Amino acid sequence: MVDAPSGRSLVVDAVTHRYPSGALAVENINLDIKGGEIIALLGPSGCGKTTLLRIIAGFIAQTQGRIIIGDDIVDALPPNKRAVGIVFQNYALFPHLSISENVAYGLAARGIDKATRQREAQRLLELVQLPAMAERLPRQLSGGQQQRVALARALAIKPSILLLDEPFAALDKNLRLDMQIEVKRLQRVSGITTLIVTHDQEEALSMADRVAVLSHGKLEQFGSPSDVYDRPQTLFVNTFVGSTNRLPGVVVSADRTEAKVRLDAGAEIIARPAGGALSEGGRVTVCIRPEHLQFVGDETGFAGVVGMSLPLGATVVHEVTTADGSGVKVSQARIGETRALENGAAVRLAPLAPSLANAFPATL
Amino acid sequence: MGAAPAARDVTSYGMGLAAPLALFFLVFFVAPLLQLFWLSLHNDTAGLHWGLGQYLHFLTDPFSLGVLGSTLLLGAEVTAVCLVLGFPIAWLYQRVGPKLQTVIILIVLLPLLTSVVVRTFAWIVILGRQGIINATLQSLGLIDTPLKLLYTQFGVVIALAQVQMPLMTLPLITALGRIDPNLDDASCSLGAGSWRTFFRIVLPLSLPGVIAGCTLTYAASITAFITQSLIGGGQMLFMPMYLYQQASTLQNWPFAAAISIIFLLAVLAVVSVFTTLGRMSRGYGGA
Ligand SMILES: Nc1ncnc2c1ncn2[C@@H]1O[C@H](COP(=O)(O)OP(=O)(O)OP(=O)(O)O)[C@@H](O)[C@H]1O
Ligand SMILES: [Mg+2]
């Protein structure tokens, strides 16, 4: 049995899985995760996140590819030999066992004596700040408390990899933030390689060292939160992570680092070819985030008419209709007294910097 | 009365709805039972002398106590066989596709769909001296003389177990179906093997079903008059047949009445042990 203290590396090598029903759930996924990293698997519902997690834990045997933990190819190992801790979306606490028995369950399975088991369970319950709940049954705890017990139970076996399937989905906003901080703290202390499945992009960006974005079973991008947010490699990543404006246009000229694009909205702008090289004359979709657009006074940029302004606390979002009729959102920081924009005012818009406009080959 | 209109408790239903069934029970169950009890308190068949003589007779007669004992033992054996054979079937049911589930349910229910008499004669054909089992074993050269299967405790237990199997399997299927499949995976990922997972997680959580199944199987098998008498034959005597002989053949109604009361109390005792266990395990069930 693998009993490394923590922080083993995890390699997902060309993993493909097709369910017996014929559904292709994950397709050729490659992830190279260093020991001690915290990784978020981010993607919309049904994109194969849970499937990938269950493959790593050993509950599903993948159709193709390998899972390597540390230096071991673990494909032939059953889940109980992989030393992978998992926290299920519905917690899956044993309803007939007390909280401390739940936490000590994995230790009992390893033949550790009762006194040590109890001491260890108590230590872990203190770690997740529930020392007084040891004798209760799971149903006597709130959702957030059950969540923490599930975490303590998974940590008890000192796993080399920790998998969390949408761990905070059922919690309200404040508790979720507390738990996110808590998990991150525990992860830093223990150094356990951690994989968090989520479809909440804020969670992914705030907690993870690196984010793997999945769509329809395929890996779209695997990089740091700022890579994923600022330098998205695909149109899907750009639109799924954060919000963005999509402006259609035609490439006027392009090299590897810069492309001049004539927008249908009526201006030429410089954009970054984000998804590989662009060909001259090809149609592209340019993505610019609302906070990366600015109002300009001169004749640069493209024209539009202000529709509605929504003050959202720290920012104000303006809805602008461009010459070709598409809607664009512009977000402005509210510094002092922001210039009020009247409904129907004519404005001109331009990206803050060329690197903040991403051009992708149009798919249609 | 205050000024406010009297609030009506909408959760109480009129007892009137239960009246027909209550009346039925009163006339056809409670009344005969009372009559039976009254009858059992007579020392002679003519019903002239009051007393506890019939009870004393039963409780001091080794033969009668033997019949009671072997009947209760028979119930225990049938229940054990049903549990051991039924649990894997119920477990399997939760792990196969919907098509196989239908097949399993059909097989489980089959004994209920055939007549007791037909089913019992089928067992006679299977277990008899020239029956299917003996013929097969002999033609294979495994035995020289036929085994005695019919008219034995073994034969009765096997035949009863087949008949009562649905009473065990159906509650088990329900109980196992209520267990969150993630619990299996959780146990496994915590390092537990299949056996530990079974004994620490699956079995305790299915206890309500086990107890319901055992209660039903037990009660049904000790009172199964036809199967007991046809497969057991003359040599094996169990309470229902004993009772029948006393009442019908020997016309000893007071003694027969006392036997039924004692049998009833013995069964109630066993069933209440089961239900107490069930109540204790209820804490497990609801997840
Ligand atoms: N047991 C199964 N048999 C057949 N297909 C399945 C099975 N489980 C999942 N799928 C399919 O595989 C795909 C991926 O499912 P998966 O559960 O991995 O998604 P997910 O990313 O976890 O979604 P969510 O965010 O909703 O939990 C889905 O299209 C789903 O319909
Ligand atoms: Mg999922």
# chains A, B, ... in the order shown; residues from 1 in each chain; ligands from 1
call {"tool": "residues_near_ligand", "arguments": {"ligand": "ligand 1", "cutoff": "7 Å", "atoms": "only C-alpha atoms and all ligand atoms", "output": "list in words"}}
result
Tyr19, Pro20, Ser21, Ala23, Leu24, Ala25, Gly43, Pro44, Ser45, Gly46, Cys47, Gly48, Lys49, Thr50, Thr51, Leu52 and His199 of chain A
call {"tool": "interface_residues", "arguments": {"of": "chain B", "to": "chain A", "cutoff": "12 Å", "atoms": "only C-alpha atoms", "output": "MDAnalysis selection string"}}
result
chainID B and resid 97 178:197 199:207 280:287
call {"tool": "select_by_dssp", "arguments": {"residues": "segment 132-165 of chain B", "states": "helix (DSSP H, G or I)", "output": "list in words"}}
result
Ile132, Ile133, Asn134, Ala135, Thr136, Leu137, Gln138, Ser139, Gln153, Phe154, Gly155, Val156, Val157, Ile158, Ala159, Leu160, Ala161, Gln162, Val163, Gln164 and Met165 of chain B
call {"tool": "closest_residue", "arguments": {"among": "A:Gly304, A:Pro290, A:Gly282, A:Pro273", "to": "Ser243 of chain A", "atoms": "only C-alpha atoms"}}
result
A:Pro290
call {"tool": "atom_distance", "arguments": {"atom1": "atom CA of Ser309 of chain A", "atom2": "atom CA of Arg246 of chain A"}}
result
19.4 Å
call {"tool": "atom_distance", "arguments": {"atom1": "atom CA of Val228 of chain A", "atom2": "atom CA of Leu352 of chain A"}}
result
18.9 Å
call {"tool": "residues_around", "arguments": {"residues": "Ala220 of chain B", "least_positions_apart": "3", "cutoff": "12 Å", "atoms": "only C-alpha atoms", "output": "JSON list (two decimals) with C-alpha atoms, in the first residue's frame"}}
result
[["chain", "number", "residue", "atom", "x", "y", "z"],
["B", 71, "THR", "CA", -41.54, -26.26, 15.10],
["B", 72, "LEU", "CA", -39.72, -23.19, 16.44],
["B", 74, "LEU", "CA", -37.85, -25.42, 11.87],
["B", 75, "GLY", "CA", -38.77, -21.74, 11.59],
["B", 76, "ALA", "CA", -35.26, -20.72, 12.59],
["B", 78, "VAL", "CA", -35.91, -21.95, 7.19],
["B", 79, "THR", "CA", -35.28, -18.31, 8.09],
["B", 160, "LEU", "CA", -40.28, -24.25, 2.86],
["B", 161, "ALA", "CA", -37.28, -22.06, 2.07],
["B", 163, "VAL", "CA", -41.80, -21.11, -0.81],
["B", 164, "GLN", "CA", -40.92, -18.34, 1.65],
["B", 165, "MET", "CA", -38.00, -16.90, -0.31],
["B", 166, "PRO", "CA", -39.96, -13.88, -1.67],
["B", 167, "LEU", "CA", -40.87, -12.83, 1.87],
["B", 168, "MET", "CA", -37.16, -12.53, 2.62],
["B", 213, "GLY", "CA", -37.63, -10.40, 6.07],
["B", 214, "CYS", "CA", -36.81, -12.69, 9.01],
["B", 215, "THR", "CA", -40.07, -11.87, 10.80],
["B", 216, "LEU", "CA", -42.18, -12.60, 7.73],
["B", 217, "THR", "CA", -40.30, -15.76, 6.79],
["B", 223, "THR", "CA", -47.52, -22.12, 10.22],
["B", 224, "ALA", "CA", -47.15, -23.66, 6.73],
["B", 225, "PHE", "CA", -49.48, -26.61, 7.29],
["B", 226, "ILE", "CA", -49.54, -28.17, 3.81],
["B", 227, "THR", "CA", -45.83, -28.12, 3.04],
["B", 228, "GLN", "CA", -44.93, -29.28, 6.53],
["B", 240, "PRO", "CA", -50.10, -27.03, 12.96],
["B", 267, "VAL", "CA", -44.87, -17.04, 17.86],
["B", 271, "VAL", "CA", -41.87, -11.96, 16.45]]
call {"tool": "residues_around", "arguments": {"residues": "segment 253-260 of chain A", "least_positions_apart": "3", "cutoff": "10 Å", "atoms": "only C-alpha atoms", "output": "list of chain:residue names"}}
result
A:Gly249, A:Val250, A:Leu263, A:Glu268, A:Ile269, A:Ile270, A:Ala271, A:Arg272, A:Pro273, A:Ala274, A:Gly276, A:Ala277, A:Leu278, A:Ser279, A:Glu280, A:Gly281, A:Gly282, A:Pro354, A:Ser355, A:Asn358, A:Ala359
call {"tool": "write_last_selection", "arguments": {"atoms": "C-alpha atoms", "output": "PDB file, in the first residue's frame"}}
result
ATOM      1  CA  GLY A 249     -14.475  40.858 -37.773  1.00  0.00           C
ATOM      2  CA  VAL A 250     -12.078  40.137 -40.662  1.00  0.00           C
ATOM      3  CA  LEU A 263     -14.464  44.811 -36.860  1.00  0.00           C
ATOM      4  CA  GLU A 268      -9.659  48.589 -37.108  1.00  0.00           C
ATOM      5  CA  ILE A 269      -8.138  47.351 -33.876  1.00  0.00           C
ATOM      6  CA  ILE A 270      -4.995  45.455 -32.921  1.00  0.00           C
ATOM      7  CA  ALA A 271      -5.664  42.108 -31.262  1.00  0.00           C
ATOM      8  CA  ARG A 272      -3.689  39.152 -29.998  1.00  0.00           C
ATOM      9  CA  PRO A 273      -3.983  35.969 -32.087  1.00  0.00           C
ATOM     10  CA  ALA A 274      -4.994  33.748 -29.147  1.00  0.00           C
ATOM     11  CA  GLY A 276      -2.803  30.070 -33.084  1.00  0.00           C
ATOM     12  CA  ALA A 277      -1.897  31.784 -36.330  1.00  0.00           C
ATOM     13  CA  LEU A 278      -4.539  33.716 -38.274  1.00  0.00           C
ATOM     14  CA  SER A 279      -4.778  33.960 -42.040  1.00  0.00           C
ATOM     15  CA  GLU A 280      -5.307  37.254 -43.828  1.00  0.00           C
ATOM     16  CA  GLY A 281      -8.873  37.790 -44.942  1.00  0.00           C
ATOM     17  CA  GLY A 282     -10.238  35.108 -42.574  1.00  0.00           C
ATOM     18  CA  PRO A 354      -3.945  45.312 -27.829  1.00  0.00           C
ATOM     19  CA  SER A 355      -2.985  42.366 -25.604  1.00  0.00           C
ATOM     20  CA  ASN A 358      -8.150  38.124 -28.165  1.00  0.00           C
ATOM     21  CA  ALA A 359      -8.820  37.083 -31.742  1.00  0.00           C
TER      22      ALA A 359
END
call {"tool": "decode", "arguments": {"residues": "segment 198-211 of chain B", "atoms": "all heavy atoms", "output": "JSON list (two decimals), in the first residue's frame"}}
result
[["chain", "number", "residue", "atom", "x", "y", "z"],
["B", 198, "PHE", "N", -18.72, -4.73, 3.29],
["B", 198, "PHE", "CA", -19.97, -5.45, 3.47],
["B", 198, "PHE", "C", -20.38, -5.51, 4.94],
["B", 198, "PHE", "O", -21.50, -5.17, 5.29],
["B", 198, "PHE", "CB", -19.86, -6.87, 2.89],
["B", 198, "PHE", "CG", -21.11, -7.65, 3.06],
["B", 198, "PHE", "CD1", -22.19, -7.44, 2.22],
["B", 198, "PHE", "CD2", -21.24, -8.58, 4.09],
["B", 198, "PHE", "CE1", -23.37, -8.14, 2.39],
["B", 198, "PHE", "CE2", -22.42, -9.28, 4.26],
["B", 198, "PHE", "CZ", -23.48, -9.06, 3.41],
["B", 199, "PHE", "N", -19.46, -5.92, 5.80],
["B", 199, "PHE", "CA", -19.86, -6.14, 7.19],
["B", 199, "PHE", "C", -20.00, -4.84, 7.99],
["B", 199, "PHE", "O", -20.79, -4.78, 8.92],
["B", 199, "PHE", "CB", -18.87, -7.08, 7.89],
["B", 199, "PHE", "CG", -19.09, -8.51, 7.52],
["B", 199, "PHE", "CD1", -18.19, -9.19, 6.72],
["B", 199, "PHE", "CD2", -20.25, -9.17, 7.93],
["B", 199, "PHE", "CE1", -18.41, -10.51, 6.35],
["B", 199, "PHE", "CE2", -20.48, -10.49, 7.56],
["B", 199, "PHE", "CZ", -19.57, -11.15, 6.77],
["B", 200, "ARG", "N", -19.23, -3.80, 7.64],
["B", 200, "ARG", "CA", -19.31, -2.56, 8.41],
["B", 200, "ARG", "C", -20.34, -1.58, 7.86],
["B", 200, "ARG", "O", -20.88, -0.77, 8.58],
["B", 200, "ARG", "CB", -17.93, -1.87, 8.47],
["B", 200, "ARG", "CG", -16.87, -2.63, 9.24],
["B", 200, "ARG", "CD", -17.22, -2.81, 10.71],
["B", 200, "ARG", "NE", -17.73, -1.60, 11.36],
["B", 200, "ARG", "CZ", -16.97, -0.65, 11.85],
["B", 200, "ARG", "NH1", -15.67, -0.75, 11.80],
["B", 200, "ARG", "NH2", -17.52, 0.40, 12.42],
["B", 201, "ILE", "N", -20.60, -1.64, 6.54],
["B", 201, "ILE", "CA", -21.47, -0.63, 5.93],
["B", 201, "ILE", "C", -22.77, -1.25, 5.40],
["B", 201, "ILE", "O", -23.87, -0.92, 5.86],
["B", 201, "ILE", "CB", -20.75, 0.10, 4.77],
["B", 201, "ILE", "CG1", -19.41, 0.66, 5.25],
["B", 201, "ILE", "CG2", -21.63, 1.19, 4.18],
["B", 201, "ILE", "CD1", -19.49, 1.68, 6.35],
["B", 202, "VAL", "N", -22.66, -2.17, 4.44],
["B", 202, "VAL", "CA", -23.85, -2.68, 3.76],
["B", 202, "VAL", "C", -24.76, -3.45, 4.71],
["B", 202, "VAL", "O", -25.96, -3.16, 4.80],
["B", 202, "VAL", "CB", -23.44, -3.59, 2.56],
["B", 202, "VAL", "CG1", -24.68, -4.14, 1.88],
["B", 202, "VAL", "CG2", -22.61, -2.80, 1.58],
["B", 203, "LEU", "N", -24.18, -4.39, 5.47],
["B", 203, "LEU", "CA", -25.01, -5.20, 6.35],
["B", 203, "LEU", "C", -25.71, -4.38, 7.43],
["B", 203, "LEU", "O", -26.93, -4.48, 7.59],
["B", 203, "LEU", "CB", -24.18, -6.34, 6.94],
["B", 203, "LEU", "CG", -24.97, -7.43, 7.66],
["B", 203, "LEU", "CD1", -25.97, -8.08, 6.70],
["B", 203, "LEU", "CD2", -24.05, -8.49, 8.24],
["B", 204, "PRO", "N", -25.00, -3.53, 8.18],
["B", 204, "PRO", "CA", -25.70, -2.73, 9.20],
["B", 204, "PRO", "C", -26.80, -1.85, 8.61],
["B", 204, "PRO", "O", -27.87, -1.72, 9.20],
["B", 204, "PRO", "CB", -24.60, -1.86, 9.81],
["B", 204, "PRO", "CG", -23.33, -2.50, 9.46],
["B", 204, "PRO", "CD", -23.54, -3.27, 8.20],
["B", 205, "LEU", "N", -26.55, -1.29, 7.43],
["B", 205, "LEU", "CA", -27.54, -0.39, 6.85],
["B", 205, "LEU", "C", -28.73, -1.15, 6.28],
["B", 205, "LEU", "O", -29.80, -0.58, 6.08],
["B", 205, "LEU", "CB", -26.90, 0.49, 5.76],
["B", 205, "LEU", "CG", -25.98, 1.58, 6.29],
["B", 205, "LEU", "CD1", -25.29, 2.30, 5.15],
["B", 205, "LEU", "CD2", -26.75, 2.57, 7.15],
["B", 206, "SER", "N", -28.55, -2.47, 6.03],
["B", 206, "SER", "CA", -29.69, -3.22, 5.50],
["B", 206, "SER", "C", -30.44, -3.94, 6.61],
["B", 206, "SER", "O", -31.40, -4.65, 6.35],
["B", 206, "SER", "CB", -29.21, -4.23, 4.45],
["B", 206, "SER", "OG", -28.35, -5.17, 5.05],
["B", 207, "LEU", "N", -30.01, -3.75, 7.87],
["B", 207, "LEU", "CA", -30.64, -4.46, 8.99],
["B", 207, "LEU", "C", -32.16, -4.33, 9.06],
["B", 207, "LEU", "O", -32.84, -5.33, 9.32],
["B", 207, "LEU", "CB", -30.03, -4.01, 10.32],
["B", 207, "LEU", "CG", -28.93, -4.90, 10.87],
["B", 207, "LEU", "CD1", -28.59, -4.49, 12.29],
["B", 207, "LEU", "CD2", -29.35, -6.37, 10.85],
["B", 208, "PRO", "N", -32.73, -3.15, 8.83],
["B", 208, "PRO", "CA", -34.20, -3.08, 8.87],
["B", 208, "PRO", "C", -34.84, -4.08, 7.92],
["B", 208, "PRO", "O", -35.83, -4.73, 8.26],
["B", 208, "PRO", "CB", -34.50, -1.64, 8.45],
["B", 208, "PRO", "CG", -33.27, -0.88, 8.81],
["B", 208, "PRO", "CD", -32.13, -1.83, 8.61],
["B", 209, "GLY", "N", -34.26, -4.22, 6.72],
["B", 209, "GLY", "CA", -34.78, -5.17, 5.74],
["B", 209, "GLY", "C", -34.57, -6.61, 6.20],
["B", 209, "GLY", "O", -35.44, -7.47, 6.03],
["B", 210, "VAL", "N", -33.41, -6.89, 6.78],
["B", 210, "VAL", "CA", -33.11, -8.23, 7.28],
["B", 210, "VAL", "C", -34.15, -8.63, 8.32],
["B", 210, "VAL", "O", -34.70, -9.74, 8.29],
["B", 210, "VAL", "CB", -31.69, -8.29, 7.89],
["B", 210, "VAL", "CG1", -31.47, -9.61, 8.62],
["B", 210, "VAL", "CG2", -30.64, -8.09, 6.82],
["B", 211, "ILE", "N", -34.44, -7.70, 9.23],
["B", 211, "ILE", "CA", -35.35, -8.04, 10.31],
["B", 211, "ILE", "C", -36.79, -8.20, 9.81],
["B", 211, "ILE", "O", -37.49, -9.14, 10.19],
["B", 211, "ILE", "CB", -35.23, -6.98, 11.42],
["B", 211, "ILE", "CG1", -33.94, -7.29, 12.18],
["B", 211, "ILE", "CG2", -36.42, -7.04, 12.36],
["B", 211, "ILE", "CD1", -33.40, -6.16, 12.96]]
